[in-house]
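Participant: Take a look at final20.txt, compact mmCIF, C-alpha atoms:
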```
# COMPACT_ATOMS: atom_id res chain seq x y z
CA MET A 1 -0.65 13.23 -52.33
CA ALA A 2 -3.60 12.59 -50.09
CA ALA A 3 -4.91 9.11 -50.53
CA ASN A 4 -8.46 7.97 -50.04
CA PRO A 5 -8.97 7.80 -46.27
CA MET A 6 -10.88 4.57 -46.68
CA THR A 7 -8.06 2.61 -48.33
CA GLN A 8 -6.55 1.93 -44.91
CA PHE A 9 -9.51 -0.35 -44.19
CA GLU A 10 -9.03 -2.51 -47.25
CA VAL A 11 -8.44 -6.16 -46.65
CA TYR A 12 -6.05 -7.99 -48.93
CA ARG A 13 -4.66 -11.42 -49.11
CA ILE A 14 -1.21 -12.21 -47.76
CA GLY A 15 0.11 -15.36 -49.34
CA PRO A 16 -1.88 -17.90 -51.29
CA GLU A 17 -5.63 -18.23 -51.50
CA ILE A 18 -6.94 -20.86 -49.10
CA LYS A 19 -10.34 -22.31 -49.83
CA VAL A 20 -12.33 -24.74 -47.74
CA GLY A 21 -15.28 -25.83 -49.82
CA ALA A 22 -16.95 -22.68 -51.04
CA PHE A 23 -15.39 -20.53 -48.28
CA ASP A 24 -12.37 -18.36 -48.76
CA ILE A 25 -10.33 -18.39 -45.55
CA SER A 26 -7.15 -16.87 -46.95
CA PHE A 27 -4.67 -15.28 -44.60
CA THR A 28 -5.18 -11.52 -44.91
CA ASN A 29 -3.75 -8.41 -43.29
CA ALA A 30 -6.69 -8.52 -40.88
CA SER A 31 -5.75 -12.06 -39.91
CA LEU A 32 -2.15 -10.95 -39.50
CA PHE A 33 -3.06 -8.31 -36.96
CA MET A 34 -5.40 -10.66 -35.10
CA VAL A 35 -2.48 -13.07 -34.80
CA ILE A 36 -0.08 -10.28 -33.78
CA SER A 37 -2.49 -8.95 -31.13
CA SER A 38 -3.13 -12.39 -29.68
CA LEU A 39 0.56 -13.23 -29.66
CA ALA A 40 1.43 -9.92 -28.01
CA ILE A 41 -1.15 -10.56 -25.29
CA LEU A 42 0.09 -14.10 -24.74
CA ILE A 43 3.75 -13.05 -24.63
CA ILE A 44 3.18 -10.15 -22.25
CA PHE A 45 0.99 -12.12 -19.87
CA ASN A 46 3.19 -15.17 -20.04
CA LEU A 47 6.21 -13.08 -19.09
CA GLY A 48 4.13 -11.35 -16.44
CA SER A 49 3.10 -14.60 -14.77
CA LYS A 50 6.35 -16.56 -15.05
CA LYS A 51 8.12 -15.44 -11.93
CA ASN A 52 6.38 -14.58 -8.74
CA SER A 53 8.37 -12.17 -6.66
CA ILE A 54 6.98 -10.32 -3.67
CA LEU A 55 8.11 -7.10 -5.30
CA PRO A 56 6.89 -7.55 -8.90
CA ASN A 57 8.95 -6.30 -11.82
CA LYS A 58 7.41 -4.03 -14.43
CA ILE A 59 5.88 -6.65 -16.69
CA GLN A 60 4.57 -8.67 -13.76
CA LEU A 61 3.04 -5.53 -12.32
CA LEU A 62 1.42 -4.82 -15.68
CA ALA A 63 -0.09 -8.30 -15.84
CA GLU A 64 -1.28 -8.21 -12.26
CA LEU A 65 -2.72 -4.72 -12.53
CA SER A 66 -4.62 -5.76 -15.67
CA TYR A 67 -5.86 -8.85 -13.86
CA SER A 68 -7.14 -6.92 -10.87
CA PHE A 69 -8.52 -4.16 -13.08
CA VAL A 70 -10.70 -6.58 -15.06
CA SER A 71 -11.51 -8.57 -11.95
CA LYS A 72 -12.73 -5.44 -10.17
CA MET A 73 -14.69 -4.35 -13.23
CA ILE A 74 -16.52 -7.69 -13.33
CA SER A 75 -17.24 -7.89 -9.63
CA ASP A 76 -18.46 -4.26 -9.60
CA THR A 77 -20.90 -4.67 -12.47
CA ALA A 78 -21.92 -8.33 -12.43
CA GLY A 79 -21.23 -9.45 -8.87
CA SER A 80 -19.54 -12.59 -7.64
CA LYS A 81 -21.67 -14.91 -9.78
CA ALA A 82 -19.80 -13.74 -12.88
CA LYS A 83 -16.52 -15.24 -11.73
CA PRO A 84 -16.60 -18.25 -14.09
CA TYR A 85 -16.76 -15.84 -17.02
CA PHE A 86 -13.72 -13.88 -15.92
CA SER A 87 -11.37 -15.55 -18.41
CA PHE A 88 -13.68 -14.79 -21.30
CA ILE A 89 -14.16 -11.14 -20.41
CA PHE A 90 -10.47 -10.74 -19.72
CA SER A 91 -9.59 -12.22 -23.12
CA LEU A 92 -12.23 -10.10 -24.79
CA PHE A 93 -11.06 -6.88 -23.18
CA MET A 94 -7.42 -7.59 -23.94
CA PHE A 95 -8.13 -8.65 -27.51
CA VAL A 96 -10.15 -5.56 -28.31
CA LEU A 97 -7.69 -3.31 -26.50
CA PHE A 98 -4.66 -4.73 -28.29
CA CYS A 99 -6.37 -4.66 -31.69
CA ASN A 100 -7.32 -1.02 -31.10
CA MET A 101 -3.86 -0.10 -29.88
CA PHE A 102 -2.06 -1.87 -32.72
CA GLY A 103 -4.25 0.08 -35.08
CA MET A 104 -2.77 3.29 -33.69
CA ILE A 105 0.66 2.44 -35.09
CA PRO A 106 1.05 3.99 -38.56
CA TYR A 107 0.75 1.61 -41.54
CA THR A 108 -0.97 -1.04 -39.46
CA PHE A 109 -4.44 -2.44 -39.88
CA THR A 110 -7.18 -1.96 -37.29
CA VAL A 111 -9.00 -5.24 -36.88
CA THR A 112 -11.80 -3.71 -34.84
CA SER A 113 -12.61 -1.15 -37.54
CA HIS A 114 -14.43 -3.91 -39.42
CA ILE A 115 -18.09 -4.38 -38.65
CA ILE A 116 -17.94 -8.08 -39.34
CA VAL A 117 -15.34 -8.64 -36.60
CA THR A 118 -17.11 -6.57 -33.97
CA PHE A 119 -20.45 -8.02 -34.97
CA ILE A 120 -19.25 -11.59 -34.57
CA LEU A 121 -17.90 -10.77 -31.12
CA ALA A 122 -21.11 -8.98 -30.14
CA ALA A 123 -23.30 -11.72 -31.56
CA PHE A 124 -21.36 -14.36 -29.70
CA ILE A 125 -21.76 -12.36 -26.47
CA PHE A 126 -25.47 -11.83 -27.16
CA ILE A 127 -26.14 -15.49 -27.84
CA GLY A 128 -23.98 -16.60 -24.93
CA VAL A 129 -25.68 -14.25 -22.49
CA THR A 130 -29.13 -15.30 -23.69
CA VAL A 131 -28.27 -18.98 -23.33
CA ILE A 132 -26.84 -18.39 -19.83
CA GLY A 133 -29.99 -16.47 -18.90
CA PHE A 134 -32.28 -19.29 -20.03
CA ILE A 135 -30.12 -21.94 -18.32
CA LYS A 136 -30.06 -20.03 -15.02
CA HIS A 137 -33.70 -18.93 -14.92
CA GLY A 138 -35.55 -21.10 -17.45
CA PHE A 139 -38.48 -19.30 -18.97
CA GLY A 140 -38.35 -16.94 -16.00
CA TYR A 141 -35.67 -15.14 -17.97
CA LEU A 142 -38.48 -13.70 -20.07
CA LYS A 143 -39.41 -11.62 -17.02
CA LEU A 144 -36.52 -9.43 -18.12
CA PHE A 145 -38.94 -7.93 -20.64
CA VAL A 146 -41.61 -7.22 -18.05
CA PRO A 147 -40.37 -4.56 -15.65
CA SER A 148 -42.11 -4.50 -12.30
CA GLY A 149 -44.14 -1.52 -11.18
CA VAL A 150 -45.39 -0.58 -14.63
CA PRO A 151 -49.09 0.25 -15.10
CA ILE A 152 -50.93 -2.58 -16.80
CA VAL A 153 -52.07 -0.26 -19.60
CA LEU A 154 -48.52 0.58 -20.58
CA LEU A 155 -47.29 -2.99 -20.29
CA PRO A 156 -47.70 -4.10 -23.93
CA LEU A 157 -45.81 -1.04 -25.13
CA ILE A 158 -43.06 -1.47 -22.54
CA VAL A 159 -42.62 -5.15 -23.38
CA VAL A 160 -42.27 -4.36 -27.07
CA ILE A 161 -39.71 -1.64 -26.30
CA GLU A 162 -37.78 -3.96 -23.98
CA ILE A 163 -37.68 -6.72 -26.57
CA ILE A 164 -36.48 -4.35 -29.26
CA SER A 165 -33.83 -2.91 -27.00
CA TYR A 166 -32.70 -6.41 -26.03
CA LEU A 167 -32.48 -7.54 -29.64
CA SER A 168 -30.61 -4.43 -30.66
CA ARG A 169 -27.87 -5.09 -28.13
CA PRO A 170 -25.50 -6.92 -30.48
CA ILE A 171 -25.99 -4.25 -33.12
CA SER A 172 -25.36 -1.33 -30.77
CA LEU A 173 -22.42 -3.11 -29.19
CA SER A 174 -20.73 -3.91 -32.50
CA VAL A 175 -21.54 -0.66 -34.27
CA ARG A 176 -20.28 1.42 -31.34
CA LEU A 177 -16.83 -0.11 -31.49
CA PHE A 178 -16.61 -0.33 -35.25
CA ALA A 179 -17.87 3.22 -35.87
CA ASN A 180 -15.58 4.73 -33.27
CA MET A 181 -12.55 3.02 -34.71
CA MET A 182 -13.44 3.75 -38.31
CA ALA A 183 -14.33 7.41 -37.69
CA GLY A 184 -11.19 8.06 -35.67
CA HIS A 185 -8.88 6.49 -38.22
CA THR A 186 -10.63 8.19 -41.12
CA MET A 187 -10.29 11.55 -39.43
CA MET A 188 -6.63 10.99 -38.76
CA LYS A 189 -6.10 10.02 -42.35
CA VAL A 190 -7.97 13.09 -43.62
CA PHE A 191 -5.94 15.43 -41.44
CA GLY A 192 -2.76 13.63 -42.42
CA GLY A 193 -3.75 14.18 -46.06
CA PHE A 194 -4.24 17.88 -45.36
CA VAL A 195 -0.74 18.10 -43.97
CA VAL A 196 0.65 16.69 -47.21
CA SER A 197 -1.51 18.74 -49.54
CA LEU A 198 -1.13 22.07 -47.72
CA GLY A 199 2.60 21.54 -47.63
CA ILE A 200 5.16 23.49 -45.67
CA VAL A 201 3.10 26.68 -45.73
CA GLY A 202 -0.29 25.66 -44.41
CA GLY A 203 0.38 22.16 -43.16
CA TRP A 204 1.18 23.11 -39.59
CA LEU A 205 -2.41 23.57 -38.53
CA PRO A 206 -3.63 20.11 -39.60
CA LEU A 207 -0.37 18.64 -38.32
CA SER A 208 -0.95 19.97 -34.81
CA PHE A 209 -4.54 18.81 -35.06
CA SER A 210 -3.30 15.41 -36.13
CA VAL A 211 -1.03 15.19 -33.09
CA ALA A 212 -3.89 16.09 -30.77
CA LEU A 213 -6.13 13.62 -32.57
CA THR A 214 -3.60 10.84 -32.08
CA GLY A 215 -3.74 11.38 -28.33
CA LEU A 216 -7.51 11.39 -28.44
CA GLU A 217 -7.60 8.24 -30.52
CA ILE A 218 -5.37 6.39 -28.07
CA LEU A 219 -7.81 7.37 -25.36
CA VAL A 220 -10.73 6.23 -27.52
CA ALA A 221 -8.96 2.95 -28.26
CA PHE A 222 -8.75 2.22 -24.55
CA LEU A 223 -12.17 3.59 -23.75
CA GLN A 224 -13.94 1.57 -26.44
CA ALA A 225 -12.29 -1.65 -25.29
CA TYR A 226 -13.38 -0.79 -21.76
CA VAL A 227 -16.91 0.04 -22.86
CA PHE A 228 -17.12 -3.17 -24.86
CA ALA A 229 -16.04 -5.22 -21.87
CA ILE A 230 -18.18 -3.40 -19.34
CA LEU A 231 -21.30 -3.69 -21.51
CA THR A 232 -20.62 -7.41 -21.76
CA CYS A 233 -20.48 -7.46 -17.97
CA ILE A 234 -23.77 -5.57 -17.73
CA TYR A 235 -25.49 -7.96 -20.13
CA LEU A 236 -24.06 -10.85 -18.15
CA ASN A 237 -25.35 -9.25 -14.99
CA ASP A 238 -28.86 -9.19 -16.47
CA ALA A 239 -28.58 -12.88 -17.24
CA LEU A 240 -27.11 -13.89 -13.87
CA ASN A 241 -29.02 -11.67 -11.48
CA LEU A 242 -32.54 -11.14 -12.77
CA HIS A 243 -33.58 -7.85 -11.18
CA HIS A 244 -36.80 -7.05 -12.95
CA MET B 1 2.26 39.19 -49.44
CA PHE B 2 3.08 36.09 -47.43
CA LYS B 3 -0.38 36.04 -45.96
CA LYS B 4 -1.92 36.22 -49.43
CA ILE B 5 0.08 33.25 -50.66
CA PHE B 6 -0.83 31.31 -47.55
CA LEU B 7 -4.52 31.94 -47.97
CA TYR B 8 -4.43 31.19 -51.65
CA SER B 9 -2.62 27.92 -51.16
CA LEU B 10 -5.00 27.00 -48.37
CA ILE B 11 -8.08 27.53 -50.50
CA THR B 12 -6.76 25.88 -53.66
CA ASN B 13 -5.36 22.97 -51.79
CA PHE B 14 -8.61 22.44 -49.94
CA PHE B 15 -10.57 22.28 -53.16
CA PHE B 16 -7.93 20.10 -54.69
CA THR B 17 -8.04 17.52 -51.92
CA LYS B 18 -11.82 17.63 -51.94
CA LYS B 19 -11.81 16.76 -55.61
CA ILE B 20 -9.37 13.90 -55.00
CA PHE B 21 -11.57 12.44 -52.26
CA ALA B 22 -14.64 12.70 -54.43
CA ALA B 23 -12.87 10.97 -57.24
CA GLU B 24 -11.37 8.15 -55.26
CA SER B 25 -13.91 7.25 -52.57
CA GLY B 26 -15.78 4.19 -53.58
CA GLY B 27 -17.67 3.26 -50.42
CA MET B 28 -16.53 1.44 -47.30
CA PRO B 29 -14.31 -1.60 -47.64
CA GLN B 30 -15.95 -2.90 -44.47
CA LEU B 31 -19.16 -3.60 -46.35
CA ASP B 32 -17.47 -5.63 -49.04
CA PRO B 33 -18.24 -9.24 -48.13
CA GLU B 34 -15.31 -10.70 -50.05
CA PHE B 35 -13.22 -11.44 -46.96
CA TRP B 36 -15.97 -11.76 -44.35
CA ILE B 37 -15.67 -15.49 -44.09
CA SER B 38 -11.90 -15.25 -43.83
CA GLN B 39 -12.16 -12.63 -41.09
CA ILE B 40 -14.71 -14.69 -39.14
CA PHE B 41 -12.54 -17.78 -39.45
CA TRP B 42 -9.37 -16.05 -38.28
CA LEU B 43 -11.19 -14.19 -35.52
CA VAL B 44 -12.62 -17.42 -34.14
CA LEU B 45 -9.26 -19.13 -34.46
CA THR B 46 -7.10 -16.42 -32.87
CA PHE B 47 -9.60 -15.44 -30.20
CA GLY B 48 -10.28 -19.09 -29.43
CA VAL B 49 -6.59 -19.84 -29.00
CA LEU B 50 -6.13 -16.68 -26.96
CA TYR B 51 -9.05 -17.57 -24.70
CA ILE B 52 -7.95 -21.16 -24.18
CA VAL B 53 -4.32 -20.31 -23.44
CA LEU B 54 -5.24 -17.42 -21.15
CA SER B 55 -7.90 -19.29 -19.22
CA LYS B 56 -6.03 -22.60 -18.92
CA LEU B 57 -2.43 -21.51 -18.51
CA ILE B 58 -1.82 -17.87 -17.79
CA LEU B 59 -4.70 -16.49 -15.74
CA PRO B 60 -4.62 -19.27 -13.11
CA LYS B 61 -0.92 -18.53 -12.64
CA ILE B 62 -1.50 -14.81 -12.18
CA SER B 63 -4.34 -15.54 -9.79
CA ALA B 64 -2.16 -17.95 -7.82
CA ASN B 65 0.65 -15.41 -7.74
CA LEU B 66 -1.69 -12.76 -6.40
CA GLU B 67 -3.12 -15.13 -3.80
CA LEU B 68 0.34 -16.21 -2.74
CA ARG B 69 1.50 -12.65 -2.36
CA LYS B 70 -1.62 -11.76 -0.41
CA SER B 71 -1.19 -14.68 1.97
CA GLN B 72 2.52 -14.02 2.32
CA ILE B 73 1.93 -10.40 3.18
CA GLN B 74 -0.79 -11.47 5.62
CA GLU B 75 1.61 -13.93 7.21
CA ASN B 76 4.31 -11.32 7.48
CA ILE B 77 1.90 -8.91 9.08
CA GLU B 78 0.84 -11.56 11.56
CA ALA B 79 4.44 -12.43 12.37
CA ALA B 80 5.25 -8.77 12.87
CA GLU B 81 2.23 -8.46 15.14
CA LYS B 82 3.38 -11.42 17.18
CA GLN B 83 6.87 -10.06 17.51
CA ARG B 84 5.50 -6.74 18.57
CA GLU B 85 3.41 -8.39 21.24
CA SER B 86 6.31 -10.43 22.53
CA SER B 87 8.57 -7.40 22.61
CA GLU B 88 5.91 -5.52 24.51
CA ALA B 89 5.69 -8.35 27.02
CA LYS B 90 9.46 -8.32 27.38
CA LEU B 91 9.41 -4.59 27.87
CA LYS B 92 6.88 -5.03 30.64
CA GLU B 93 9.03 -7.71 32.20
CA PHE B 94 12.03 -5.42 32.09
CA ASP B 95 10.04 -2.64 33.65
CA GLY B 96 9.00 -5.01 36.42
CA ILE B 97 12.57 -6.08 36.97
CA ILE B 98 13.75 -2.49 37.12
CA LEU B 99 11.01 -1.60 39.59
CA LYS B 100 11.84 -4.60 41.74
CA SER B 101 15.53 -3.87 41.80
CA LYS B 102 14.81 -0.26 42.66
CA ILE B 103 12.75 -1.34 45.64
CA GLU B 104 15.46 -3.79 46.65
CA ALA B 105 18.11 -1.13 46.41
CA LYS B 106 16.00 1.16 48.57
CA ASN B 107 15.55 -1.59 51.15
CA ILE B 108 19.25 -2.36 51.19
CA PHE B 109 20.04 1.29 51.64
CA LYS B 110 17.51 1.57 54.44
CA ASP B 111 18.87 -1.53 56.21
CA ALA B 112 22.41 -0.32 55.90
CA ARG B 113 21.46 3.06 57.27
CA GLU B 114 19.63 1.56 60.21
CA LYS B 115 22.54 -0.73 60.95
CA VAL B 116 24.99 2.11 60.82
CA ILE B 117 22.79 4.26 63.03
CA LYS B 118 22.39 1.41 65.51
CA ASN B 119 26.10 0.81 65.49
CA ILE B 120 26.84 4.45 66.07
CA ASN B 121 24.28 4.62 68.86
CA SER B 122 25.61 1.58 70.62
CA LYS B 123 29.17 2.80 70.32
CA LYS B 124 28.11 6.15 71.60
CA GLU B 125 26.42 4.55 74.57
CA THR B 126 29.44 2.47 75.48
CA LEU B 127 31.64 5.48 75.03
CA ASP B 128 29.35 7.54 77.23
CA LYS B 129 29.41 4.83 79.85
CA GLN B 130 33.17 4.69 79.73
CA ILE B 131 33.39 8.45 79.97
CA ASP B 132 30.97 8.42 82.89
CA ASP B 133 33.00 5.70 84.58
CA GLU B 134 36.18 7.63 84.07
CA ILE B 135 34.57 10.78 85.41
CA LYS B 136 33.28 8.88 88.44
CA LYS B 137 36.67 7.32 89.07
CA ALA B 138 38.34 10.69 88.78
CA GLU B 139 35.78 12.20 91.09
CA VAL B 140 36.34 9.45 93.63
CA GLU B 141 40.07 9.94 93.33
CA ILE B 142 39.70 13.66 93.75
CA ASP B 143 37.46 13.07 96.75
CA THR B 144 39.93 10.73 98.40
CA LEU B 145 42.74 13.09 97.54
CA ARG B 146 40.82 15.95 99.00
CA GLN B 147 39.97 14.03 102.14
CA SER B 148 43.53 12.92 102.61
CA ALA B 149 44.95 16.35 101.80
CA PRO B 150 44.38 18.04 105.22
CA GLU B 151 46.19 15.25 107.09
CA LYS B 152 49.18 15.46 104.79
CA ILE B 153 49.20 19.23 104.99
CA ASN B 154 48.98 18.95 108.75
CA LYS B 155 51.92 16.57 108.73
CA ILE B 156 53.86 18.88 106.44
CA ALA B 157 52.92 21.81 108.64
CA VAL B 158 54.08 19.93 111.78
CA VAL B 159 57.38 18.83 110.17
CA THR B 160 58.12 22.26 108.76
CA SER B 161 57.20 23.96 112.07
CA THR B 162 59.51 21.64 114.00
CA GLU B 163 62.30 22.26 111.52
CA ILE B 164 61.79 26.05 111.72
CA LEU B 165 61.67 25.96 115.44
CA LYS B 166 64.85 23.84 115.58
CA LYS B 167 66.65 26.42 113.44
CA LEU B 168 65.25 29.33 115.36
CA ILE B 169 65.67 28.01 118.86
CA GLY B 170 68.26 25.34 118.30
CA ALA B 171 66.49 22.94 120.57
CA GLU B 172 64.39 19.88 120.08
CA VAL B 173 60.66 20.53 120.23
CA ASN B 174 58.16 17.90 120.98
CA ASN B 175 56.33 16.85 117.89
CA SER B 176 53.18 16.09 119.68
CA SER B 177 52.77 19.57 121.09
CA ILE B 178 53.16 21.11 117.62
CA SER B 179 50.71 18.70 116.04
CA ALA B 180 48.26 19.58 118.81
CA ILE B 181 48.64 23.29 117.90
CA VAL B 182 48.16 22.49 114.15
CA ASP B 183 45.10 20.41 114.90
CA ASP B 184 43.73 23.23 116.94
CA LEU B 185 44.35 25.71 114.08
CA VAL B 186 42.79 23.38 111.56
CA LYS B 187 39.77 22.97 113.72
CA LYS B 188 39.49 26.74 114.05
CA ASN B 189 40.23 27.78 110.41
CA GLY B 190 40.02 24.55 108.44
CA ASP B 191 36.93 25.66 106.59
CA LYS B 192 38.72 28.74 105.43
CA TYR B 193 41.66 26.74 104.04
CA TYR B 194 39.95 23.81 102.33
CA GLY B 195 36.74 25.32 101.22
CA HIS B 196 34.46 23.07 103.27
```
Represent the supplied structure as structure tokens.
Facilitator:
Amino acid sequence: MAANPMTQFEVYRIGPEIKVGAFDISFTNASLFMVISSLAILIIFNLGSKKNSILPNKIQLLAELSYSFVSKMISDTAGSKAKPYFSFIFSLFMFVLFCNMFGMIPYTFTVTSHIIVTFILAAFIFIGVTVIGFIKHGFGYLKLFVPSGVPIVLLPLIVVIEIISYLSRPISLSVRLFANMMAGHTMMKVFGGFVVSLGIVGGWLPLSFSVALTGLEILVAFLQAYVFAILTCIYLNDALNLHH
Amino acid sequence: MFKKIFLYSLITNFFFTKKIFAAESGGMPQLDPEFWISQIFWLVLTFGVLYIVLSKLILPKISANLELRKSQIQENIEAAEKQRESSEAKLKEFDGIILKSKIEAKNIFKDAREKVIKNINSKKETLDKQIDDEIKKAEVEIDTLRQSAPEKINKIAVVTSTEILKKLIGAEVNNSSISAIVDDLVKKNGDKYYGH
């Protein structure tokens, strides 16, 4: 029978309850998939960087292509000044990508479908970028909110809009990823439920839809990781190269 | 019939599932803060470990590998370029050598030809000279023979005449008188006989 499509997002404890002071830091299914994703990334990239042959094998090629893909993405959007942040953006992209992709396997848990996870990532990026901006440009970083070439009459309005848009960055960044993941997985669950409830007679239509949706969701899983990383690069670009 | 059942099941099932959803959905688990702290803790831990290991151990290796490959390929390309250049130079050298030897061969051929022609010419000349000499000698001989011929013929004529006369007459005839007659005849008709 069709289950509630939201039960797949429930977090539950695995093992004993761990408490530090008033905080519950028990190991949950979410933690499990964070660990699995991180381990998968580390294993793949460790294998991919172990041997260096002139003609790379498949896993080495995968690692090197990912490396140059992220490297190109950063240099295209944030320029050469963003090189010190390469490791962070690479880890971020891979972490989000692997969490999304692991979520596509049936009966798994999608870490990135939780607003708290994406929000912490986005908030960390937001704070980090702001700190970098103030370190690089001092109070000159505030010029970000004052675009050049704007009539003086409109300036107060523009500044307010710019500040709001800047402050809403972590929210838009986190909600975009979380909502995409949650909506996609909910839809898949709903269509999967239709297959079961319509049975052998009418289940073929939602089944074919479900298959198509799976392909789409894999695309979305990649795309959202890419968008998350590239927006981080764009924010970093604002902090490193003040254009306004 | 089949179509009817299909439609019926579709509609009833749809309402049925709708009812189930309505009954069971109790909001989003994402907004339940029970495990937020746990999720934040494990996110920071796993992502932190991932970042540290990637940035300190793995990414530098991949970067080094890529650099190494790049430089190796560059080196190979340079080496290939060098070899190409050297082979081109060698090819030029060979061409030069071939050209030189061609010219040499031509010269040798020319020299040999000239030598042979000279040789032939000189031999021809000596041969011509010899032939000329021989011809001259023969001519001289013929001349002497021709000059001496009338005397001999005269002598033969005198001897034969005396012999004939002896047989005819049976008496000795003076040689001198006959030779005088022969001389006289030769003087008269010599040109007719010897073509002078």
Participant: With all atoms listed in the file counted, which protein, DNA or RNA residues have an atom no more than 12 Å from (-3.1, 21.0, -36.1) in the file frame? Please answer as a PDB file with C-alpha atoms, keeping the file's coordinate frame.
Facilitator:
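Output file result34.pdb follows:
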```pdb
ATOM      1  CA  MET A 188      -6.630  10.990 -38.760  1.00  0.00           C
ATOM      2  CA  VAL A 190      -7.970  13.090 -43.620  1.00  0.00           C
ATOM      3  CA  PHE A 191      -5.940  15.430 -41.440  1.00  0.00           C
ATOM      4  CA  GLY A 192      -2.760  13.630 -42.420  1.00  0.00           C
ATOM      5  CA  PHE A 194      -4.240  17.880 -45.360  1.00  0.00           C
ATOM      6  CA  VAL A 195      -0.740  18.100 -43.970  1.00  0.00           C
ATOM      7  CA  LEU A 198      -1.130  22.070 -47.720  1.00  0.00           C
ATOM      8  CA  GLY A 202      -0.290  25.660 -44.410  1.00  0.00           C
ATOM      9  CA  GLY A 203       0.380  22.160 -43.160  1.00  0.00           C
ATOM     10  CA  TRP A 204       1.180  23.110 -39.590  1.00  0.00           C
ATOM     11  CA  LEU A 205      -2.410  23.570 -38.530  1.00  0.00           C
ATOM     12  CA  PRO A 206      -3.630  20.110 -39.600  1.00  0.00           C
ATOM     13  CA  LEU A 207      -0.370  18.640 -38.320  1.00  0.00           C
ATOM     14  CA  SER A 208      -0.950  19.970 -34.810  1.00  0.00           C
ATOM     15  CA  PHE A 209      -4.540  18.810 -35.060  1.00  0.00           C
ATOM     16  CA  SER A 210      -3.300  15.410 -36.130  1.00  0.00           C
ATOM     17  CA  VAL A 211      -1.030  15.190 -33.090  1.00  0.00           C
ATOM     18  CA  ALA A 212      -3.890  16.090 -30.770  1.00  0.00           C
ATOM     19  CA  LEU A 213      -6.130  13.620 -32.570  1.00  0.00           C
ATOM     20  CA  THR A 214      -3.600  10.840 -32.080  1.00  0.00           C
TER      21      THR A 214
END
```
Participant: May I have the residues of chain A within 7 Å of chain B, counting all atoms listed in the file, written as an MDAnalysis selection string?
Facilitator: chainID A and resid 2 4 6 9:10 23:26 30:31 34:35 38 45:46 49 52 54 64 87:88 91 114:117 197:198 201:202
Participant: For a test of reading the model, state the distance in Å between atom CA of A:Asn180 and atom CA of A:Tyr107, rounded to one decimal.
Facilitator: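 Atom CA of A:Tyr107 lies 18.6 Å from atom CA of A:Asn180.
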Participant: Which residue, A:Leu177, A:Asn57, A:Lys189, A:Phe27, has the smallest gap to A:Ala122 when you use only C-alpha atoms?
Facilitator: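 Selected residue with least distance to A:Ala122: A:Leu177.
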Participant: Please list as an MDAnalysis selection string every residue within 12 Å of B:Ala157, counting all atoms listed in the file and excluding residues in the same chain fewer than 6 positions away.
Facilitator: chainID B and resid 149:151 163:165 175 178:183 185:186
Participant: Applying 9 Å and all atoms listed in the file, which residues near A:Ile36 remain after dropping the ones on its own chain fewer than 4 positions away? List them as JSON, numbers by chain.
Facilitator: {"A": [31, 32, 40, 41, 99, 102]}
Participant: Can you tell me how far atom CA of A:Gly138 sits from atom CA of A:Leu231, in Å to one decimal?
Facilitator: 22.9 Å
Participant: How far is it from atom CA of A:Leu142 to atom CA of A:Gly128, in Å with one decimal?
Facilitator: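 About the pair atom CA of A:Leu142 and atom CA of A:Gly128: they are 15.6 Å apart.
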